[in-house]
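Undergrad: For reference, the file model.txt (compact mmCIF, C-alpha atoms) is included below:
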# COMPACT_ATOMS: atom_id res chain seq x y z
CA MET A 844 113.33 77.07 47.14
CA GLU A 845 109.88 76.36 45.70
CA LEU A 846 108.68 74.12 48.52
CA LEU A 847 109.30 76.82 51.12
CA LYS A 848 107.82 79.58 48.96
CA ASN A 849 104.67 77.53 48.40
CA LYS A 850 104.43 76.83 52.10
CA ILE A 851 104.69 80.56 52.82
CA LEU A 852 102.00 81.34 50.23
CA ASN A 853 99.68 78.59 51.45
CA ASP A 854 100.19 78.69 55.21
CA GLY A 855 101.93 82.00 55.95
CA HIS A 856 100.21 85.30 56.58
CA ALA A 857 101.42 88.78 55.76
CA LEU A 858 100.22 91.02 58.58
CA GLY A 859 100.58 94.39 56.94
CA LYS A 860 103.77 95.33 55.18
CA ASP A 861 106.24 94.09 57.72
CA ILE A 862 105.20 91.06 59.77
CA LEU A 863 105.15 87.63 58.15
CA LYS A 864 103.52 84.99 60.33
CA VAL A 865 104.83 81.51 59.64
CA ASP A 866 104.21 80.03 63.06
CA SER A 867 102.11 77.18 61.70
CA PHE A 868 105.21 75.52 60.21
CA LEU A 869 108.44 77.38 61.00
CA ASN A 870 108.68 78.89 64.46
CA HIS A 871 105.99 77.66 66.82
CA GLN A 872 104.57 74.54 65.21
CA LEU A 873 107.35 72.89 63.20
CA ASP A 874 107.01 70.94 59.96
CA ILE A 875 109.96 68.56 60.15
CA ARG A 876 109.61 67.24 56.60
CA LEU A 877 109.99 70.82 55.41
CA PHE A 878 112.98 71.28 57.73
CA GLU A 879 114.64 68.22 56.20
CA ALA A 880 114.11 69.62 52.73
CA MET A 881 115.57 72.95 53.87
CA GLY A 882 118.57 71.20 55.41
CA GLU A 883 119.17 69.31 52.17
CA GLU A 884 118.92 72.55 50.19
CA PHE A 885 121.39 74.33 52.48
CA ALA A 886 123.80 71.43 51.97
CA ARG A 887 123.36 71.62 48.21
CA ARG A 888 124.02 75.36 48.15
CA PHE A 889 127.08 75.08 50.39
CA LYS A 890 128.38 71.82 48.93
CA ASP A 891 131.70 73.39 47.84
CA VAL A 892 132.33 74.62 51.39
CA GLU A 893 133.74 72.74 54.35
CA VAL A 894 131.64 73.10 57.49
CA THR A 895 132.74 71.75 60.87
CA LYS A 896 130.11 73.46 62.98
CA ILE A 897 126.67 74.99 62.57
CA LEU A 898 126.02 78.04 64.73
CA THR A 899 122.54 79.33 65.44
CA ILE A 900 120.69 81.33 68.05
CA GLU A 901 117.80 80.84 70.45
CA THR A 902 115.01 80.12 69.75
CA SER A 903 113.69 79.59 66.27
CA GLY A 904 117.01 78.77 64.63
CA ILE A 905 117.61 75.72 66.79
CA ALA A 906 115.26 73.21 65.20
CA ILE A 907 116.24 74.24 61.67
CA ALA A 908 119.94 73.89 62.49
CA ALA A 909 119.45 70.60 64.33
CA VAL A 910 117.58 68.99 61.46
CA ALA A 911 120.05 70.41 58.89
CA ALA A 912 123.11 68.98 60.65
CA LYS A 913 122.74 65.49 59.20
CA TYR A 914 123.17 66.93 55.72
CA PHE A 915 126.48 68.42 56.87
CA ASP A 916 127.89 65.06 57.91
CA TYR A 917 126.35 65.38 61.38
CA CYS A 918 128.60 68.23 62.38
CA PRO A 919 127.88 69.62 65.85
CA VAL A 920 125.31 72.37 66.25
CA VAL A 921 125.97 75.17 68.74
CA PHE A 922 123.37 77.71 69.69
CA GLY A 923 123.91 81.16 71.15
CA LYS A 924 122.11 81.39 74.47
CA LYS A 925 120.07 84.41 75.42
CA ASN A 926 119.65 83.88 79.12
CA ALA A 927 122.38 83.27 81.63
CA SER A 928 121.94 79.97 83.42
CA LEU A 929 123.65 78.57 86.48
CA ASN A 930 124.89 75.78 84.24
CA LEU A 931 126.63 77.95 81.65
CA ASP A 932 130.38 78.23 81.66
CA LYS A 933 131.93 81.43 82.89
CA ASP A 934 134.33 81.38 79.97
CA ILE A 935 132.18 82.67 77.13
CA TYR A 936 132.03 84.75 73.99
CA THR A 937 129.30 87.38 74.21
CA SER A 938 127.65 89.77 71.84
CA GLU A 939 124.52 91.95 71.78
CA VAL A 940 121.37 91.79 69.67
CA TYR A 941 118.48 94.20 69.40
CA SER A 942 115.25 92.38 68.60
CA PHE A 943 112.58 94.45 66.88
CA THR A 944 109.89 91.82 67.35
CA LYS A 945 110.58 91.64 71.09
CA GLN A 946 111.61 95.30 71.36
CA GLN A 947 114.57 94.70 73.62
CA THR A 948 118.34 94.29 73.57
CA TYR A 949 119.74 91.04 74.84
CA GLN A 950 123.10 89.40 75.16
CA ILE A 951 123.92 86.14 73.46
CA MET A 952 126.53 83.83 74.83
CA VAL A 953 128.53 80.90 73.49
CA SER A 954 130.87 78.87 75.64
CA LYS A 955 134.47 79.16 74.45
CA LYS A 956 134.69 75.37 74.52
CA TYR A 957 132.48 74.98 71.49
CA LEU A 958 134.04 77.35 68.98
CA ASN A 959 137.73 77.49 68.26
CA PRO A 960 140.13 78.75 65.58
CA GLU A 961 140.04 75.41 63.72
CA ASP A 962 136.29 75.63 63.16
CA LYS A 963 134.68 76.40 59.82
CA VAL A 964 131.31 77.80 60.74
CA LEU A 965 128.00 77.97 58.94
CA ILE A 966 125.47 80.29 60.59
CA ILE A 967 121.85 79.16 60.20
CA ASP A 968 118.74 81.05 61.26
CA ASP A 969 115.03 81.17 60.48
CA PHE A 970 114.65 84.85 59.55
CA LEU A 971 116.88 87.59 58.24
CA ALA A 972 115.44 91.09 58.47
CA ASN A 973 117.69 93.88 59.72
CA GLY A 974 120.46 91.34 60.29
CA LYS A 975 121.09 92.06 63.97
CA ALA A 976 121.06 88.42 65.05
CA VAL A 977 123.42 87.31 62.27
CA GLU A 978 125.70 90.26 63.05
CA ALA A 979 125.90 89.16 66.69
CA LEU A 980 126.71 85.59 65.63
CA GLU A 981 129.39 86.88 63.23
CA GLU A 982 130.89 88.82 66.12
CA ILE A 983 131.06 85.62 68.18
CA VAL A 984 132.70 83.72 65.31
CA LYS A 985 135.25 86.52 65.04
CA GLN A 986 136.00 86.42 68.78
CA SER A 987 136.59 82.67 68.55
CA GLY A 988 139.05 82.95 65.68
CA ALA A 989 137.00 80.46 63.67
CA GLN A 990 136.38 80.93 59.96
CA LEU A 991 132.91 82.01 58.86
CA MET A 992 132.03 80.01 55.75
CA GLY A 993 128.58 81.43 55.13
CA VAL A 994 125.11 82.20 56.36
CA GLY A 995 122.03 80.10 55.57
CA ILE A 996 118.62 81.65 56.16
CA ALA A 997 115.15 80.20 55.70
CA ILE A 998 113.27 83.44 55.00
CA GLU A 999 114.91 86.74 54.17
CA LYS A 1000 112.90 89.93 54.25
CA GLY A 1001 114.41 91.47 51.16
CA PHE A 1002 112.85 94.86 51.91
CA GLN A 1003 114.95 95.22 55.05
CA ASN A 1004 118.67 95.88 55.09
CA GLY A 1005 120.20 92.76 56.62
CA GLY A 1006 120.72 90.76 53.43
CA LYS A 1007 122.12 93.70 51.50
CA GLU A 1008 124.61 94.47 54.26
CA ILE A 1009 125.77 90.87 54.66
CA ARG A 1010 126.29 90.46 50.91
CA ALA A 1011 128.10 93.80 50.73
CA SER A 1012 130.47 92.66 53.48
CA GLY A 1013 131.57 89.75 51.27
CA ILE A 1014 129.99 87.04 53.39
CA ARG A 1015 128.28 84.32 51.42
CA LEU A 1016 124.56 84.38 52.15
CA GLU A 1017 122.02 81.83 50.97
CA SER A 1018 118.37 82.56 51.72
CA LEU A 1019 115.88 79.85 50.76
CA ALA A 1020 113.08 82.35 50.20
CA ILE A 1021 113.43 86.12 49.81
CA VAL A 1022 110.28 88.13 50.35
CA ASP A 1023 110.61 91.42 48.51
CA GLU A 1024 107.18 92.89 49.09
CA MET A 1025 104.19 92.31 51.33
CA TYR A 1026 100.88 94.14 51.14
CA GLU A 1027 98.01 94.91 53.50
CA ASP A 1028 95.77 92.59 51.47
CA GLY A 1029 98.07 89.65 52.25
CA THR A 1030 99.92 89.53 48.93
CA ILE A 1031 103.49 88.24 49.20
CA ILE A 1032 106.00 88.81 46.40
CA PHE A 1033 109.22 86.79 46.25
CA ARG A 1034 112.50 87.71 44.61
CA ASP A 1035 113.17 85.40 41.63
CA MET B 1204 119.66 53.75 77.01
CA GLU B 1205 123.30 52.71 77.04
CA LEU B 1206 124.48 55.19 74.39
CA LEU B 1207 123.17 58.15 76.37
CA LYS B 1208 124.46 56.82 79.69
CA ASN B 1209 127.92 56.33 78.20
CA LYS B 1210 127.83 59.82 76.73
CA ILE B 1211 126.94 61.22 80.16
CA LEU B 1212 129.77 59.27 81.79
CA ASN B 1213 132.32 60.23 79.14
CA ASP B 1214 131.35 63.83 78.36
CA GLY B 1215 129.08 64.95 81.19
CA HIS B 1216 130.23 66.47 84.47
CA ALA B 1217 128.62 66.21 87.87
CA LEU B 1218 129.15 69.57 89.55
CA GLY B 1219 128.49 68.64 93.13
CA LYS B 1220 125.42 66.63 94.05
CA ASP B 1221 122.87 68.48 92.00
CA ILE B 1222 124.10 70.00 88.75
CA LEU B 1223 124.84 67.75 85.78
CA LYS B 1224 126.57 69.56 82.94
CA VAL B 1225 125.86 68.01 79.57
CA ASP B 1226 126.29 71.11 77.46
CA SER B 1227 128.92 69.53 75.23
CA PHE B 1228 126.30 67.28 73.60
CA LEU B 1229 122.75 67.95 74.86
CA ASN B 1230 121.88 71.57 75.52
CA HIS B 1231 124.44 74.01 74.13
CA GLN B 1232 126.48 72.04 71.63
CA LEU B 1233 124.24 69.34 70.14
CA ASP B 1234 125.24 65.85 69.01
CA ILE B 1235 122.66 65.14 66.31
CA ARG B 1236 123.63 61.48 65.86
CA LEU B 1237 122.85 60.99 69.54
CA PHE B 1238 119.58 62.90 69.12
CA GLU B 1239 118.57 60.55 66.29
CA ALA B 1240 119.30 57.55 68.47
CA MET B 1241 117.25 59.12 71.27
CA GLY B 1242 114.37 59.81 68.88
CA GLU B 1243 114.45 56.22 67.70
CA GLU B 1244 114.45 54.99 71.29
CA PHE B 1245 111.48 57.21 72.23
CA ALA B 1246 109.60 55.78 69.24
CA ARG B 1247 110.48 52.22 70.33
CA ARG B 1248 109.26 52.83 73.85
CA PHE B 1249 106.04 54.50 72.74
CA LYS B 1250 105.41 52.24 69.76
CA ASP B 1251 102.05 51.02 71.11
CA VAL B 1252 100.83 54.60 71.47
CA GLU B 1253 99.37 56.89 68.82
CA VAL B 1254 101.02 60.30 68.74
CA THR B 1255 99.73 63.15 66.56
CA LYS B 1256 101.82 65.92 68.06
CA ILE B 1257 105.01 66.34 70.03
CA LEU B 1258 104.95 69.15 72.59
CA THR B 1259 108.12 70.58 74.10
CA ILE B 1260 109.32 73.79 75.69
CA GLU B 1261 111.93 76.45 75.01
CA THR B 1262 114.86 76.04 74.80
CA SER B 1263 116.65 72.75 75.20
CA GLY B 1264 113.71 70.52 74.39
CA ILE B 1265 113.30 71.90 70.89
CA ALA B 1266 116.17 70.18 69.08
CA ILE B 1267 115.47 66.83 70.74
CA ALA B 1268 111.79 67.01 69.79
CA ALA B 1269 112.54 68.22 66.25
CA VAL B 1270 114.95 65.37 65.55
CA ALA B 1271 112.63 62.81 67.21
CA ALA B 1272 109.62 63.78 65.06
CA LYS B 1273 110.67 61.73 62.04
CA TYR B 1274 110.45 58.58 64.16
CA PHE B 1275 106.84 59.53 64.94
CA ASP B 1276 105.84 59.65 61.29
CA TYR B 1277 106.89 63.30 61.02
CA CYS B 1278 104.14 64.50 63.32
CA PRO B 1279 104.23 68.26 63.97
CA VAL B 1280 106.32 69.57 66.86
CA VAL B 1281 104.95 72.45 68.94
CA PHE B 1282 107.03 74.26 71.50
CA GLY B 1283 105.83 76.31 74.45
CA LYS B 1284 107.17 79.83 74.14
CA LYS B 1285 108.62 81.63 77.11
CA ASN B 1286 108.67 85.18 75.83
CA ALA B 1287 105.80 87.11 74.36
CA SER B 1288 106.52 88.23 70.82
CA LEU B 1289 104.67 90.66 68.58
CA ASN B 1290 104.13 87.73 66.24
CA LEU B 1291 102.40 85.42 68.71
CA ASP B 1292 98.66 84.94 68.55
CA LYS B 1293 96.52 86.55 71.19
CA ASP B 1294 94.50 83.36 71.51
CA ILE B 1295 96.78 81.18 73.62
CA TYR B 1296 97.00 78.59 76.35
CA THR B 1297 99.27 79.72 79.17
CA SER B 1298 100.82 78.17 82.19
CA GLU B 1299 103.57 79.00 84.68
CA VAL B 1300 106.97 77.38 85.37
CA TYR B 1301 109.48 78.03 88.10
CA SER B 1302 113.01 77.37 86.89
CA PHE B 1303 115.52 76.51 89.60
CA THR B 1304 118.50 76.84 87.28
CA LYS B 1305 117.40 80.33 86.20
CA GLN B 1306 115.80 81.18 89.56
CA GLN B 1307 112.73 82.80 88.12
CA THR B 1308 109.11 82.12 87.28
CA TYR B 1309 108.06 82.47 83.69
CA GLN B 1310 104.96 81.96 81.64
CA ILE B 1311 104.81 79.54 78.76
CA MET B 1312 102.41 80.03 75.92
CA VAL B 1313 101.05 77.83 73.15
CA SER B 1314 98.79 79.17 70.43
CA LYS B 1315 95.35 77.56 70.55
CA LYS B 1316 95.67 76.82 66.84
CA TYR B 1317 98.27 74.13 67.39
CA LEU B 1318 96.69 71.95 70.05
CA ASN B 1319 93.11 70.73 69.88
CA PRO B 1320 90.87 68.05 71.44
CA GLU B 1321 91.68 65.58 68.64
CA ASP B 1322 95.41 65.63 69.39
CA LYS B 1323 97.28 62.79 71.06
CA VAL B 1324 100.27 64.45 72.61
CA LEU B 1325 103.72 63.23 73.57
CA ILE B 1326 105.67 65.66 75.75
CA ILE B 1327 109.44 65.58 75.17
CA ASP B 1328 112.08 67.46 77.14
CA ASP B 1329 115.79 67.26 77.85
CA PHE B 1330 115.74 67.14 81.65
CA LEU B 1331 113.31 66.12 84.34
CA ALA B 1332 114.18 67.26 87.86
CA ASN B 1333 111.41 68.72 90.02
CA GLY B 1334 109.01 68.34 87.10
CA LYS B 1335 107.83 71.95 86.92
CA ALA B 1336 108.29 72.28 83.15
CA VAL B 1337 106.46 69.02 82.43
CA GLU B 1338 103.69 70.02 84.83
CA ALA B 1339 103.23 73.30 82.94
CA LEU B 1340 103.08 71.44 79.62
CA GLU B 1341 100.54 68.97 81.09
CA GLU B 1342 98.44 71.95 82.16
CA ILE B 1343 98.50 73.28 78.59
CA VAL B 1344 97.50 69.88 77.18
CA LYS B 1345 94.62 69.81 79.67
CA GLN B 1346 93.46 73.30 78.64
CA SER B 1347 93.46 72.23 74.99
CA GLY B 1348 91.33 69.15 75.62
CA ALA B 1349 93.96 66.99 73.88
CA GLN B 1350 94.93 63.59 75.22
CA LEU B 1351 98.31 63.25 76.92
CA MET B 1352 99.83 59.96 75.76
CA GLY B 1353 103.09 60.15 77.68
CA VAL B 1354 106.24 62.00 78.58
CA GLY B 1355 109.67 61.26 77.08
CA ILE B 1356 112.71 62.65 78.84
CA ALA B 1357 116.39 62.40 77.95
CA ILE B 1358 117.84 62.66 81.47
CA GLU B 1359 115.84 62.28 84.66
CA LYS B 1360 117.35 63.31 87.97
CA GLY B 1361 116.00 60.40 89.94
CA PHE B 1362 116.95 62.03 93.23
CA GLN B 1363 114.46 64.84 92.66
CA ASN B 1364 110.69 64.47 92.85
CA GLY B 1365 109.48 65.10 89.30
CA GLY B 1366 109.66 61.54 88.02
CA LYS B 1367 108.07 60.06 91.13
CA GLU B 1368 105.17 62.51 90.97
CA ILE B 1369 104.50 62.01 87.27
CA ARG B 1370 104.52 58.22 87.63
CA ALA B 1371 102.26 58.46 90.70
CA SER B 1372 99.77 60.53 88.70
CA GLY B 1373 99.39 57.65 86.24
CA ILE B 1374 101.08 59.38 83.33
CA ARG B 1375 103.39 57.18 81.31
CA LEU B 1376 106.94 58.44 81.66
CA GLU B 1377 109.96 57.15 79.75
CA SER B 1378 113.35 58.57 80.73
CA LEU B 1379 116.30 57.44 78.61
CA ALA B 1380 118.75 57.82 81.49
CA ILE B 1381 117.90 58.14 85.17
CA VAL B 1382 120.65 59.54 87.38
CA ASP B 1383 120.04 58.38 90.93
CA GLU B 1384 123.14 59.73 92.63
CA MET B 1385 125.91 62.21 91.93
CA TYR B 1386 128.90 62.90 94.12
CA GLU B 1387 131.32 65.76 94.69
CA ASP B 1388 134.09 63.64 93.15
CA GLY B 1389 132.17 63.48 89.88
CA THR B 1390 130.78 59.96 90.27
CA ILE B 1391 127.43 59.45 88.54
CA ILE B 1392 125.21 56.48 89.41
CA PHE B 1393 122.35 55.46 87.12
CA ARG B 1394 119.20 53.56 87.98
CA ASP B 1395 119.24 50.13 86.32
Write out the structure in this file as structure tokens.

TA:
Amino acid sequence: MELLKNKILNDGHALGKDILKVDSFLNHQLDIRLFEAMGEEFARRFKDVEVTKILTIETSGIAIAAVAAKYFDYCPVVFGKKNASLNLDKDIYTSEVYSFTKQQTYQIMVSKKYLNPEDKVLIIDDFLANGKAVEALEEIVKQSGAQLMGVGIAIEKGFQNGGKEIRASGIRLESLAIVDEMYEDGTIIFRD
Amino acid sequence: MELLKNKILNDGHALGKDILKVDSFLNHQLDIRLFEAMGEEFARRFKDVEVTKILTIETSGIAIAAVAAKYFDYCPVVFGKKNASLNLDKDIYTSEVYSFTKQQTYQIMVSKKYLNPEDKVLIIDDFLANGKAVEALEEIVKQSGAQLMGVGIAIEKGFQNGGKEIRASGIRLESLAIVDEMYEDGTIIFRD
């Protein structure tokens, strides 16, 4: 998606070979016009697929999924919660994620009320790197008996293994921008 | 706002006198049509006010703020982060919040890049109860030198002190639904 790639080139920063900072528009300050364009593009790429629910995960996936929902006929958005709250149901699906950026393992939880075997689920998230977050969401979809229709990602780090593994498993994956290489001097190279 | 009140009556649950569960449409599963209507209503109520940035806080405020932004001429949305990440700037505004539902104190952080003295800020959040989250966001706005134009809340618990204190401080507060009383039998009474 050219708009997102240009945004990454203009406003993103490669910090060394691994960390891509996009907090000026994607995950701290949010550019909602861009999010609408991304939502529209997800809908275009998955237009042959029925989606009854969008599933994402705290924190940075939420706004992207929420803005995308209108392009999927306003289907409900459900997000996996990271922290137990007094208000969360006791009857939940759970799964574990290791976050490299936060250097800790955490549980994610989804109330059983909001995913069921009739659902056709699209997973949406901001980043795909090693794929641990998507894997945890897939596990929750599996527990629910729902059908996983695909995974939509804003930025995939093509030099990490997540995308390769998801594609190899037969799950349909659409990443709006795939970064294949980053260099110390700030150069960012996208996959065509 | 009648639509939100009806949604609370139909799909919300008063658990005793204090906890209002609205996770089927507001803070776990998200009803994006409702969020658009809420965004439109915030814009109507603050139409005489210039807003250059919407500020919210992890987690449940994010989707509401993101969907509302288009009704504020697509101004950027910034959310206060609760957890330090390797990717966050070192140059940040910070402030502390005590969460009763999670029973812990946590820091929130906003990068100094995304709030500055020229900004006219609208704070948006899902719930207002004791007002600790809004107070922490106000503190961050103050640190940045930006101007706080108002606070927009989806559901205010009118029987707790947050709303009273914010109004007493002279800050403009617009809550789309104010719950004044809840009972063990599930009855919910709104302020007119």

Undergrad: Just need chain B moved onto chain A: least-squares over all Cα atoms matched in order, then output as a compact mmCIF listing (two decimals) with C-alpha atoms, keeping the file's coordinate frame.

TA:
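Result file part-v1.txt:
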# COMPACT_ATOMS: atom_id res chain seq x y z
CA MET B 1204 113.31 77.06 47.13
CA GLU B 1205 109.88 76.35 45.69
CA LEU B 1206 108.67 74.11 48.53
CA LEU B 1207 109.29 76.82 51.12
CA LYS B 1208 107.83 79.58 48.95
CA ASN B 1209 104.68 77.53 48.39
CA LYS B 1210 104.43 76.82 52.11
CA ILE B 1211 104.70 80.56 52.82
CA LEU B 1212 102.01 81.33 50.24
CA ASN B 1213 99.68 78.59 51.45
CA ASP B 1214 100.20 78.70 55.22
CA GLY B 1215 101.93 82.00 55.95
CA HIS B 1216 100.19 85.31 56.57
CA ALA B 1217 101.41 88.79 55.76
CA LEU B 1218 100.20 91.02 58.58
CA GLY B 1219 100.56 94.39 56.97
CA LYS B 1220 103.77 95.33 55.18
CA ASP B 1221 106.24 94.09 57.72
CA ILE B 1222 105.19 91.07 59.76
CA LEU B 1223 105.15 87.63 58.15
CA LYS B 1224 103.52 84.99 60.32
CA VAL B 1225 104.84 81.52 59.65
CA ASP B 1226 104.21 80.04 63.06
CA SER B 1227 102.12 77.17 61.71
CA PHE B 1228 105.21 75.52 60.20
CA LEU B 1229 108.45 77.40 60.99
CA ASN B 1230 108.70 78.89 64.45
CA HIS B 1231 106.00 77.67 66.82
CA GLN B 1232 104.57 74.55 65.22
CA LEU B 1233 107.34 72.89 63.20
CA ASP B 1234 107.00 70.94 59.95
CA ILE B 1235 109.96 68.56 60.16
CA ARG B 1236 109.59 67.25 56.60
CA LEU B 1237 110.00 70.82 55.41
CA PHE B 1238 112.98 71.28 57.73
CA GLU B 1239 114.65 68.21 56.20
CA ALA B 1240 114.11 69.61 52.73
CA MET B 1241 115.57 72.94 53.87
CA GLY B 1242 118.58 71.19 55.41
CA GLU B 1243 119.16 69.31 52.18
CA GLU B 1244 118.92 72.53 50.20
CA PHE B 1245 121.40 74.33 52.49
CA ALA B 1246 123.81 71.42 51.98
CA ARG B 1247 123.34 71.63 48.19
CA ARG B 1248 124.03 75.34 48.15
CA PHE B 1249 127.08 75.07 50.39
CA LYS B 1250 128.38 71.82 48.93
CA ASP B 1251 131.70 73.37 47.85
CA VAL B 1252 132.33 74.62 51.38
CA GLU B 1253 133.74 72.73 54.35
CA VAL B 1254 131.64 73.10 57.48
CA THR B 1255 132.74 71.75 60.87
CA LYS B 1256 130.11 73.46 62.98
CA ILE B 1257 126.68 74.99 62.58
CA LEU B 1258 126.03 78.04 64.74
CA THR B 1259 122.53 79.33 65.42
CA ILE B 1260 120.70 81.34 68.04
CA GLU B 1261 117.82 80.84 70.46
CA THR B 1262 115.03 80.13 69.77
CA SER B 1263 113.71 79.59 66.28
CA GLY B 1264 117.01 78.78 64.64
CA ILE B 1265 117.63 75.73 66.80
CA ALA B 1266 115.27 73.21 65.19
CA ILE B 1267 116.25 74.24 61.67
CA ALA B 1268 119.95 73.90 62.48
CA ALA B 1269 119.46 70.60 64.34
CA VAL B 1270 117.59 69.00 61.45
CA ALA B 1271 120.05 70.43 58.88
CA ALA B 1272 123.11 68.98 60.65
CA LYS B 1273 122.74 65.49 59.20
CA TYR B 1274 123.16 66.94 55.71
CA PHE B 1275 126.48 68.41 56.88
CA ASP B 1276 127.87 65.05 57.92
CA TYR B 1277 126.34 65.37 61.39
CA CYS B 1278 128.60 68.24 62.37
CA PRO B 1279 127.88 69.62 65.86
CA VAL B 1280 125.30 72.38 66.25
CA VAL B 1281 125.98 75.17 68.74
CA PHE B 1282 123.37 77.71 69.69
CA GLY B 1283 123.90 81.16 71.16
CA LYS B 1284 122.11 81.38 74.48
CA LYS B 1285 120.07 84.40 75.40
CA ASN B 1286 119.66 83.87 79.12
CA ALA B 1287 122.37 83.26 81.65
CA SER B 1288 121.91 79.95 83.43
CA LEU B 1289 123.64 78.54 86.49
CA ASN B 1290 124.87 75.76 84.23
CA LEU B 1291 126.62 77.94 81.65
CA ASP B 1292 130.38 78.24 81.66
CA LYS B 1293 131.94 81.43 82.89
CA ASP B 1294 134.35 81.39 79.97
CA ILE B 1295 132.18 82.66 77.13
CA TYR B 1296 132.02 84.75 73.99
CA THR B 1297 129.29 87.38 74.20
CA SER B 1298 127.64 89.76 71.85
CA GLU B 1299 124.53 91.94 71.79
CA VAL B 1300 121.34 91.79 69.67
CA TYR B 1301 118.46 94.19 69.40
CA SER B 1302 115.23 92.37 68.61
CA PHE B 1303 112.57 94.46 66.89
CA THR B 1304 109.87 91.84 67.37
CA LYS B 1305 110.57 91.66 71.12
CA GLN B 1306 111.62 95.32 71.39
CA GLN B 1307 114.57 94.70 73.64
CA THR B 1308 118.32 94.28 73.59
CA TYR B 1309 119.73 91.03 74.84
CA GLN B 1310 123.09 89.39 75.16
CA ILE B 1311 123.93 86.14 73.47
CA MET B 1312 126.55 83.83 74.85
CA VAL B 1313 128.53 80.91 73.48
CA SER B 1314 130.87 78.87 75.64
CA LYS B 1315 134.47 79.17 74.46
CA LYS B 1316 134.70 75.38 74.52
CA TYR B 1317 132.48 74.99 71.49
CA LEU B 1318 134.04 77.35 68.98
CA ASN B 1319 137.75 77.47 68.26
CA PRO B 1320 140.16 78.76 65.58
CA GLU B 1321 140.05 75.43 63.71
CA ASP B 1322 136.29 75.62 63.16
CA LYS B 1323 134.67 76.40 59.82
CA VAL B 1324 131.31 77.80 60.74
CA LEU B 1325 127.99 77.97 58.94
CA ILE B 1326 125.46 80.29 60.58
CA ILE B 1327 121.84 79.16 60.19
CA ASP B 1328 118.74 81.06 61.27
CA ASP B 1329 115.04 81.17 60.48
CA PHE B 1330 114.66 84.83 59.54
CA LEU B 1331 116.88 87.59 58.24
CA ALA B 1332 115.44 91.10 58.47
CA ASN B 1333 117.70 93.89 59.74
CA GLY B 1334 120.45 91.34 60.29
CA LYS B 1335 121.11 92.06 63.97
CA ALA B 1336 121.05 88.41 65.06
CA VAL B 1337 123.41 87.32 62.28
CA GLU B 1338 125.70 90.25 63.04
CA ALA B 1339 125.90 89.15 66.69
CA LEU B 1340 126.71 85.59 65.64
CA GLU B 1341 129.39 86.88 63.22
CA GLU B 1342 130.89 88.83 66.12
CA ILE B 1343 131.06 85.63 68.18
CA VAL B 1344 132.70 83.72 65.32
CA LYS B 1345 135.25 86.54 65.04
CA GLN B 1346 136.00 86.42 68.78
CA SER B 1347 136.59 82.67 68.55
CA GLY B 1348 139.05 82.97 65.68
CA ALA B 1349 136.99 80.46 63.66
CA GLN B 1350 136.38 80.93 59.96
CA LEU B 1351 132.90 82.01 58.86
CA MET B 1352 132.03 80.00 55.75
CA GLY B 1353 128.57 81.42 55.13
CA VAL B 1354 125.10 82.21 56.35
CA GLY B 1355 122.02 80.11 55.56
CA ILE B 1356 118.62 81.65 56.16
CA ALA B 1357 115.15 80.20 55.68
CA ILE B 1358 113.27 83.45 54.99
CA GLU B 1359 114.92 86.75 54.16
CA LYS B 1360 112.89 89.95 54.25
CA GLY B 1361 114.41 91.46 51.16
CA PHE B 1362 112.85 94.84 51.90
CA GLN B 1363 114.96 95.22 55.04
CA ASN B 1364 118.69 95.88 55.08
CA GLY B 1365 120.21 92.74 56.62
CA GLY B 1366 120.70 90.76 53.43
CA LYS B 1367 122.11 93.70 51.50
CA GLU B 1368 124.62 94.47 54.25
CA ILE B 1369 125.79 90.88 54.66
CA ARG B 1370 126.28 90.46 50.90
CA ALA B 1371 128.10 93.81 50.73
CA SER B 1372 130.48 92.66 53.46
CA GLY B 1373 131.56 89.75 51.26
CA ILE B 1374 129.99 87.03 53.38
CA ARG B 1375 128.28 84.30 51.42
CA LEU B 1376 124.57 84.37 52.14
CA GLU B 1377 122.02 81.82 50.96
CA SER B 1378 118.37 82.56 51.72
CA LEU B 1379 115.88 79.85 50.75
CA ALA B 1380 113.08 82.36 50.19
CA ILE B 1381 113.44 86.11 49.79
CA VAL B 1382 110.27 88.13 50.34
CA ASP B 1383 110.62 91.42 48.51
CA GLU B 1384 107.18 92.89 49.08
CA MET B 1385 104.18 92.31 51.31
CA TYR B 1386 100.88 94.13 51.14
CA GLU B 1387 98.02 94.91 53.51
CA ASP B 1388 95.79 92.58 51.46
CA GLY B 1389 98.09 89.66 52.25
CA THR B 1390 99.92 89.53 48.92
CA ILE B 1391 103.49 88.25 49.20
CA ILE B 1392 106.00 88.81 46.40
CA PHE B 1393 109.23 86.81 46.25
CA ARG B 1394 112.50 87.72 44.59
CA ASP B 1395 113.15 85.41 41.63

Undergrad: Nearest to Asp866 of chain A among A:Leu898, A:Asp969, A:Met952, A:Thr937, with distances taken over all atoms listed in the file: which residue is it?

TA: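 The shortest atom-to-atom distance to Asp866 of chain A comes from A:Asp969.
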
Undergrad: Which of these residues is nearest to Lys1323 of chain B, using all atoms listed in the file: B:Thr1308, B:Ser1347, B:Ser1302, B:Asn1364?

TA: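 Closest residue, counting all atoms listed in the file: B:Ser1347.
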
Undergrad: With a distance threshold of 7 Å and counting all atoms listed in the file, extract the residues of chain A near chain B and express them as a list in words.

TA: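 On the chain A side, the interface is Lys864, His871, Gln872, Leu873, Asp874, Ile875, Arg876, Thr902, Ile905, Ala906, Ala909, Val910, Ala912, Tyr917, Pro919, Val920, Val921, Phe922, Ser928, Leu929, Asn930, Thr944, Lys945 and Tyr957 of chain A.
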
Undergrad: So how far away is atom CA of Gly1353 of chain B from atom CA of Ile1326 of chain B, in Å?

TA: 6.4 Å
